[in-house]
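Engineer: For reference, the structure I am asking about is given below.
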Amino acid sequence: MTSKKALFILPLFLLAPGLLFANDKIPPPEKLGLVVLGNNARQAGLAPVVFDHWLHRATFTCRLCHIDIGFAMQAGETGIRASLNSQGYYCGACHDGEKRFGGKTIFAACEEEGESSAGKQCNRCHSQGKEDAREIRFQDVAGKLPRTTGNSIDWEKAEADGLVKPVDFLEGVSQKRDSLQLQADFSIEAQTSWASDVIFSHKKHAVWNGCEVCHPAIYASTKAGTVKYSMFQIYEGESCGVCHSKVAFSLFICDKCHKNKVQ
Amino acid sequence: MPRPSASFSTALLLFCLLLRPLPLPAVEELKAEFDAVCGKTHNALNLSAAEINELIGRCDALKPRLEKLGPERGTERKVFLQRLKMCREFYAFALSTKEENCP
């Protein structure tokens with residue numbers, strides 16, 4: 001075997017096990033975007049908070065929480081505390097016991113005294129190991145929404161069908177903005193013959209994320225060909241992998257991005 | 001016990017005045033400036049380079065004012081500084097994008 005052939009075949013051998021078990025890597029839909037917030041909760045003698053992205057993204061845009069309210073994109077960096085929630089920051093920006101959504105009052109985040117003062121109320125979020133205390137289950141939300149490969153919620157279709165209308169402005173928190181000027185969609189050439197080119201939609205991404213979530217922190221340049229991303233880097237959490245497979249749909253649903261069928 | 005001199009008392013008074021928390025209207029003024037400056041990110045790529053530069057300048061001017069928010073407004077300071085950072089970086093990105101596309 002020539003060294004050129006070896007160079008071509010070796011990566012395939014390395015890649016094959018990952019591809020064979022790709023389906024195992026698609027998290028169960030109810031676990032996609034699940035974040036456990038335990039640093040401060042444990043110190044306060046409370047169970048860690050189990051935060052489900054699916055519950056909140058049905059209602060709010062990513063931008064509203066990650067830009068306007070200030071939740072960091074990396075675990076453990078926000079520093080959420082009960083005292084801050086009760087002052088109207090972070091979870092308390094909405095969970096103040098006064099704001100209303102969908103005809104209901106949004107329950108207040110628990111007080112600093114924790115479980116002893118609020119009991120059941122605390123368990124609604126501090127629910128690790130107390131799944132029975134949760135009032136809204138995945139099926140309650142997902143049961144009404146379209147699904148995609150891997151049984152995940154197809155948020156794009158859900159919004160297109162008018163089944164979800166994520167709120168993008170929170171009075172007293174968000175600043176009034178100029179209307180969003182959408183940039184054109186573009187294609188990214190696949191570096192292989194077995195996958196088609198990616199059609200990237202600015203519209204789908206910017207409507208939920210705004211501009212600052214991605215630029216320049218994730219994508220520092222828009223000049224075509226300036227930065228090349230391999231799927232390996234993306235699986236490691238770079239580029240599209242910052243959100244996809246963690247919160248947004250799995251990277252193993254190839255045809256959601258590689259839109260054109262390979263001939 | 002010796003009496004402090006007038007200049008020492010004046011200096012102490014000035015120091016205390018500088019350390020005092022910003023009054024509420026001043027905070028509201030900062031927020032209004034933040035809204036005005038960072039409310040244009042959605043349209044930044046349609047602005048001229050001069051307009052973007054002006055916005056970046058206003059971000060830079062706002063930063064030290066936000067940093068002066070007292071400890072009782074620590075979270076507000078943290079959240080708004082982070083939002084300002086993202087907003088400023090996006091304007092810088094928009095500017096470099098314009099330069100890349102129209103050198």
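Simple scheme: letters A, B, ... for chains in structure tokens order, numbers from 1 for residues in each chain, numbers from 1 for ligands in the order shown.
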Find the residues in chain A near chain B: any atom within 9 Å counts, using only C-alpha atoms. Write them as a ChimeraX atom specification.
Structural biologist: /A:67-71,84,89,174-183,210-213,215-217,220-223
Engineer: Just asking: which residues within segment 40-232 of chain A are alpha helix (DSSP H) according to DSSP, as a VMD selection string?
Structural biologist: chain A and resid 40 to 43 53 to 57 62 to 63 82 to 86 115 to 118 120 to 123 138 to 142 155 to 160 202 to 209 231 to 232
Engineer: Determine, counting only C-alpha atoms, which protein, DNA and RNA residues have an atom within 12 Å of an atom of Asp96 of chain A; residues of the same chain fewer than 4 positions away are not included. Present the result as a list in words.
Structural biologist: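 Returned residues: Ala82, Leu84, Asn85, Ser86, Gln87, Gly88, Tyr89, Tyr90, Cys91, Gly92, Arg100, Phe101, Thr105, Ile106, Phe107, Ala108, Ala109, Cys110 and Glu111 of chain A.
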Engineer: Write out as a ChimeraX atom specification which residues come within 12 Å of Val36 of chain A when counting only C-alpha atoms, dropping same-chain ones fewer than 4 positions away.
Structural biologist: /A:31,40-42,47-53,75-76,125-129
Engineer: Quick one: write out the picked residues with N, CA and C atoms as a tab-separated table (two decimals), in the first residue's frame?
Structural biologist:
```tsv
chain	number	residue	atom	x	y	z
A	31	LYS	N	-33.39	14.92	27.45
A	31	LYS	CA	-32.09	15.26	28.09
A	31	LYS	C	-31.30	16.29	27.29
A	40	ASN	N	-23.93	26.42	43.96
A	40	ASN	CA	-24.42	27.19	45.09
A	40	ASN	C	-25.55	26.48	45.82
A	41	ALA	N	-26.31	25.67	45.08
A	41	ALA	CA	-27.44	24.98	45.70
A	41	ALA	C	-26.97	24.04	46.80
A	42	ARG	N	-25.92	23.29	46.51
A	42	ARG	CA	-25.43	22.32	47.51
A	42	ARG	C	-24.97	23.04	48.77
A	47	ALA	N	-31.20	20.67	46.84
A	47	ALA	CA	-30.87	19.81	45.70
A	47	ALA	C	-30.48	20.69	44.53
A	48	PRO	N	-29.58	20.22	43.66
A	48	PRO	CA	-29.22	21.02	42.48
A	48	PRO	C	-30.45	21.31	41.61
A	49	VAL	N	-30.36	22.43	40.91
A	49	VAL	CA	-31.43	22.81	39.99
A	49	VAL	C	-31.27	22.01	38.70
A	50	VAL	N	-32.36	21.44	38.24
A	50	VAL	CA	-32.35	20.77	36.94
A	50	VAL	C	-33.03	21.72	35.96
A	51	PHE	N	-32.22	22.29	35.08
A	51	PHE	CA	-32.76	23.26	34.13
A	51	PHE	C	-32.92	22.60	32.77
A	52	ASP	N	-34.13	22.63	32.29
A	52	ASP	CA	-34.41	22.05	30.97
A	52	ASP	C	-34.52	23.16	29.94
A	53	HIS	N	-33.63	23.11	28.96
A	53	HIS	CA	-33.73	24.10	27.89
A	53	HIS	C	-35.05	23.96	27.13
A	75	ALA	N	-21.15	26.45	31.44
A	75	ALA	CA	-21.65	26.01	32.75
A	75	ALA	C	-20.80	26.58	33.88
A	76	GLY	N	-21.46	27.04	34.91
A	76	GLY	CA	-20.76	27.49	36.12
A	76	GLY	C	-20.25	28.91	36.08
A	125	CYS	N	-37.66	23.78	40.94
A	125	CYS	CA	-36.40	23.93	40.20
A	125	CYS	C	-35.30	23.07	40.83
A	126	HIS	N	-35.23	23.09	42.16
A	126	HIS	CA	-34.21	22.28	42.86
A	126	HIS	C	-34.73	20.84	42.89
A	127	SER	N	-34.71	20.22	41.72
A	127	SER	CA	-35.49	18.99	41.58
A	127	SER	C	-34.65	17.75	41.31
A	128	GLN	N	-33.33	17.86	41.37
A	128	GLN	CA	-32.55	16.65	41.10
A	128	GLN	C	-32.87	15.59	42.16
A	129	GLY	N	-33.26	14.43	41.69
A	129	GLY	CA	-33.65	13.35	42.61
A	129	GLY	C	-35.06	13.48	43.14
```
Engineer: In Å, rounded to a single decimal, give me how far atom CA of Asn39 of chain A is from atom CA of Gly79 of chain A.
Structural biologist: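 According to the coordinates, atom CA of Gly79 of chain A and atom CA of Asn39 of chain A are separated by 8.6 Å.
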Engineer: Need to verify the contact set: Gln191 of chain A, 10 Å, only C-alpha atoms, exclusion of same-chain residues closer than 3 positions in sequence. Can you return it as a VMD selection string?
Structural biologist: chain A and resid 188 194 to 197 228 to 231
Engineer: Could those residues be written to a file, using N, CA, C and O atoms, as a PDB file, in the first residue's frame?
Structural biologist:
```
ATOM      1  N   ILE A 188     -21.759  26.280   2.687  1.00  0.00           N
ATOM      2  CA  ILE A 188     -20.399  25.947   3.118  1.00  0.00           C
ATOM      3  C   ILE A 188     -20.047  24.626   2.444  1.00  0.00           C
ATOM      4  O   ILE A 188     -20.760  23.620   2.615  1.00  0.00           O
ATOM      5  N   TRP A 194     -19.005  12.329   0.509  1.00  0.00           N
ATOM      6  CA  TRP A 194     -20.190  11.600   0.961  1.00  0.00           C
ATOM      7  C   TRP A 194     -21.187  12.460   1.748  1.00  0.00           C
ATOM      8  O   TRP A 194     -22.218  11.981   2.196  1.00  0.00           O
ATOM      9  N   ALA A 195     -20.856  13.710   1.903  1.00  0.00           N
ATOM     10  CA  ALA A 195     -21.830  14.622   2.526  1.00  0.00           C
ATOM     11  C   ALA A 195     -21.990  15.828   1.612  1.00  0.00           C
ATOM     12  O   ALA A 195     -21.028  16.247   0.953  1.00  0.00           O
ATOM     13  N   SER A 196     -23.193  16.346   1.559  1.00  0.00           N
ATOM     14  CA  SER A 196     -23.428  17.494   0.677  1.00  0.00           C
ATOM     15  C   SER A 196     -23.021  18.787   1.388  1.00  0.00           C
ATOM     16  O   SER A 196     -22.732  18.788   2.595  1.00  0.00           O
ATOM     17  N   ASP A 197     -23.045  19.871   0.644  1.00  0.00           N
ATOM     18  CA  ASP A 197     -22.697  21.162   1.217  1.00  0.00           C
ATOM     19  C   ASP A 197     -23.720  21.572   2.282  1.00  0.00           C
ATOM     20  O   ASP A 197     -24.882  21.157   2.241  1.00  0.00           O
ATOM     21  N   LYS A 228     -11.562  27.295   8.625  1.00  0.00           N
ATOM     22  CA  LYS A 228     -12.146  26.015   8.205  1.00  0.00           C
ATOM     23  C   LYS A 228     -12.424  25.181   9.460  1.00  0.00           C
ATOM     24  O   LYS A 228     -11.587  25.104  10.351  1.00  0.00           O
ATOM     25  N   TYR A 229     -13.614  24.622   9.515  1.00  0.00           N
ATOM     26  CA  TYR A 229     -13.968  23.797  10.661  1.00  0.00           C
ATOM     27  C   TYR A 229     -14.179  22.368  10.188  1.00  0.00           C
ATOM     28  O   TYR A 229     -14.897  22.142   9.219  1.00  0.00           O
ATOM     29  N   SER A 230     -13.569  21.434  10.860  1.00  0.00           N
ATOM     30  CA  SER A 230     -13.821  20.036  10.539  1.00  0.00           C
ATOM     31  C   SER A 230     -14.905  19.530  11.480  1.00  0.00           C
ATOM     32  O   SER A 230     -15.160  20.129  12.538  1.00  0.00           O
ATOM     33  N   MET A 231     -15.503  18.410  11.102  1.00  0.00           N
ATOM     34  CA  MET A 231     -16.522  17.822  11.979  1.00  0.00           C
ATOM     35  C   MET A 231     -15.896  17.398  13.307  1.00  0.00           C
ATOM     36  O   MET A 231     -16.562  17.416  14.339  1.00  0.00           O
TER      37      MET A 231
END
```
Engineer: Residues near Arg58 of chain B, anyone? I mean within 9 Å using only C-alpha atoms, not counting same-chain ones fewer than 4 positions away, as a list of chain:residue names.
Structural biologist: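 In the requested form, the answer reads B:Glu33, B:Phe34, B:Val37, B:Asn53, B:Glu54, B:Leu62, B:Lys63.
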Engineer: Given the selection you just returned, output its residues as a file containing N, CA and C atoms, formatted as a compact mmCIF listing (two decimals), in the first residue's frame.
Structural biologist:
```
# COMPACT_ATOMS: atom_id res chain seq x y z
N GLU B 33 -28.31 55.29 28.23
CA GLU B 33 -27.19 55.37 27.29
C GLU B 33 -26.87 53.97 26.75
N PHE B 34 -26.91 52.98 27.65
CA PHE B 34 -26.67 51.60 27.21
C PHE B 34 -27.68 51.20 26.14
N VAL B 37 -26.95 52.97 22.86
CA VAL B 37 -25.73 52.51 22.17
C VAL B 37 -25.89 51.08 21.66
N ASN B 53 -17.93 53.37 14.31
CA ASN B 53 -16.84 53.89 15.15
C ASN B 53 -17.36 54.76 16.27
N GLU B 54 -18.37 55.54 15.96
CA GLU B 54 -18.96 56.40 16.99
C GLU B 54 -19.59 55.56 18.10
N LEU B 62 -18.80 54.47 28.06
CA LEU B 62 -19.77 53.96 29.03
C LEU B 62 -19.14 52.99 30.03
N LYS B 63 -18.17 52.23 29.56
CA LYS B 63 -17.58 51.17 30.39
C LYS B 63 -17.10 51.67 31.76
```
Engineer: For a quick check of understanding, using only C-alpha atoms, which of A:Ile218, A:Phe186, A:Ser201, A:Arg81 has the smallest distance to Lys256 of chain A?
Structural biologist: A:Ser201
Engineer: Would you pick out the contacts of His258 of chain A at 10 Å or less, using only C-alpha atoms, so that residues sharing its chain but fewer than 3 positions from it are not included, and give the list as JSON, numbers by chain?
Structural biologist: {"A": [187, 188, 189, 190, 195, 196, 197, 198, 199, 200, 253, 254, 255, 261, 262]}
Engineer: May I have the residues from that selection written out with N, CA, C and O atoms, as a PDB file, in the first residue's frame?
Structural biologist:
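See out28.pdb below for the written result:
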```
ATOM      1  N   SER A 187     -23.797  28.974   1.515  1.00  0.00           N
ATOM      2  CA  SER A 187     -23.474  27.546   1.581  1.00  0.00           C
ATOM      3  C   SER A 187     -22.018  27.376   2.011  1.00  0.00           C
ATOM      4  O   SER A 187     -21.170  28.242   1.763  1.00  0.00           O
ATOM      5  N   ILE A 188     -21.759  26.280   2.687  1.00  0.00           N
ATOM      6  CA  ILE A 188     -20.399  25.947   3.118  1.00  0.00           C
ATOM      7  C   ILE A 188     -20.047  24.626   2.444  1.00  0.00           C
ATOM      8  O   ILE A 188     -20.760  23.620   2.615  1.00  0.00           O
ATOM      9  N   GLU A 189     -18.968  24.658   1.683  1.00  0.00           N
ATOM     10  CA  GLU A 189     -18.611  23.477   0.895  1.00  0.00           C
ATOM     11  C   GLU A 189     -18.152  22.349   1.810  1.00  0.00           C
ATOM     12  O   GLU A 189     -17.280  22.542   2.661  1.00  0.00           O
ATOM     13  N   ALA A 190     -18.749  21.176   1.629  1.00  0.00           N
ATOM     14  CA  ALA A 190     -18.337  20.018   2.423  1.00  0.00           C
ATOM     15  C   ALA A 190     -16.971  19.551   1.939  1.00  0.00           C
ATOM     16  O   ALA A 190     -16.688  19.592   0.750  1.00  0.00           O
ATOM     17  N   ALA A 195     -20.856  13.710   1.903  1.00  0.00           N
ATOM     18  CA  ALA A 195     -21.830  14.622   2.526  1.00  0.00           C
ATOM     19  C   ALA A 195     -21.990  15.828   1.612  1.00  0.00           C
ATOM     20  O   ALA A 195     -21.028  16.247   0.953  1.00  0.00           O
ATOM     21  N   SER A 196     -23.193  16.346   1.559  1.00  0.00           N
ATOM     22  CA  SER A 196     -23.428  17.494   0.677  1.00  0.00           C
ATOM     23  C   SER A 196     -23.021  18.787   1.388  1.00  0.00           C
ATOM     24  O   SER A 196     -22.732  18.788   2.595  1.00  0.00           O
ATOM     25  N   ASP A 197     -23.045  19.871   0.644  1.00  0.00           N
ATOM     26  CA  ASP A 197     -22.697  21.162   1.217  1.00  0.00           C
ATOM     27  C   ASP A 197     -23.720  21.572   2.282  1.00  0.00           C
ATOM     28  O   ASP A 197     -24.882  21.157   2.241  1.00  0.00           O
ATOM     29  N   VAL A 198     -23.254  22.385   3.211  1.00  0.00           N
ATOM     30  CA  VAL A 198     -24.148  22.886   4.263  1.00  0.00           C
ATOM     31  C   VAL A 198     -24.827  24.157   3.760  1.00  0.00           C
ATOM     32  O   VAL A 198     -24.169  25.021   3.179  1.00  0.00           O
ATOM     33  N   ILE A 199     -26.109  24.232   3.944  1.00  0.00           N
ATOM     34  CA  ILE A 199     -26.801  25.490   3.655  1.00  0.00           C
ATOM     35  C   ILE A 199     -27.035  26.154   5.013  1.00  0.00           C
ATOM     36  O   ILE A 199     -27.786  25.637   5.847  1.00  0.00           O
ATOM     37  N   PHE A 200     -26.354  27.254   5.231  1.00  0.00           N
ATOM     38  CA  PHE A 200     -26.489  27.936   6.516  1.00  0.00           C
ATOM     39  C   PHE A 200     -27.519  29.048   6.398  1.00  0.00           C
ATOM     40  O   PHE A 200     -27.413  29.927   5.536  1.00  0.00           O
ATOM     41  N   ILE A 253     -27.716  14.311  13.196  1.00  0.00           N
ATOM     42  CA  ILE A 253     -28.825  14.420  12.234  1.00  0.00           C
ATOM     43  C   ILE A 253     -28.254  15.210  11.056  1.00  0.00           C
ATOM     44  O   ILE A 253     -28.474  16.407  10.903  1.00  0.00           O
ATOM     45  N   CYS A 254     -27.469  14.516  10.255  1.00  0.00           N
ATOM     46  CA  CYS A 254     -26.629  15.174   9.239  1.00  0.00           C
ATOM     47  C   CYS A 254     -27.432  16.045   8.274  1.00  0.00           C
ATOM     48  O   CYS A 254     -27.021  17.162   7.933  1.00  0.00           O
ATOM     49  N   ASP A 255     -28.590  15.518   7.834  1.00  0.00           N
ATOM     50  CA  ASP A 255     -29.297  16.216   6.748  1.00  0.00           C
ATOM     51  C   ASP A 255     -30.016  17.494   7.203  1.00  0.00           C
ATOM     52  O   ASP A 255     -30.593  18.199   6.394  1.00  0.00           O
ATOM     53  N   LYS A 261     -29.028  16.447  -1.071  1.00  0.00           N
ATOM     54  CA  LYS A 261     -28.699  15.022  -1.150  1.00  0.00           C
ATOM     55  C   LYS A 261     -27.465  14.836  -2.030  1.00  0.00           C
ATOM     56  O   LYS A 261     -27.330  15.487  -3.059  1.00  0.00           O
ATOM     57  N   VAL A 262     -26.597  13.938  -1.606  1.00  0.00           N
ATOM     58  CA  VAL A 262     -25.414  13.647  -2.428  1.00  0.00           C
ATOM     59  C   VAL A 262     -25.868  12.807  -3.614  1.00  0.00           C
ATOM     60  O   VAL A 262     -26.603  11.840  -3.456  1.00  0.00           O
TER      61      VAL A 262
END
```
Engineer: Between atom CA of Ala133 of chain A and atom CA of Lys165 of chain A, what is the spacing in Å?
Structural biologist: 27.1 Å
Engineer: If you measure from atom CA of Ala26 of chain B to atom CA of Leu69 of chain B, what distance in Å do you get, rounded to one decimal?
Structural biologist: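 Computing the Euclidean distance for atom CA of Ala26 of chain B and atom CA of Leu69 of chain B yields 9.8 Å.
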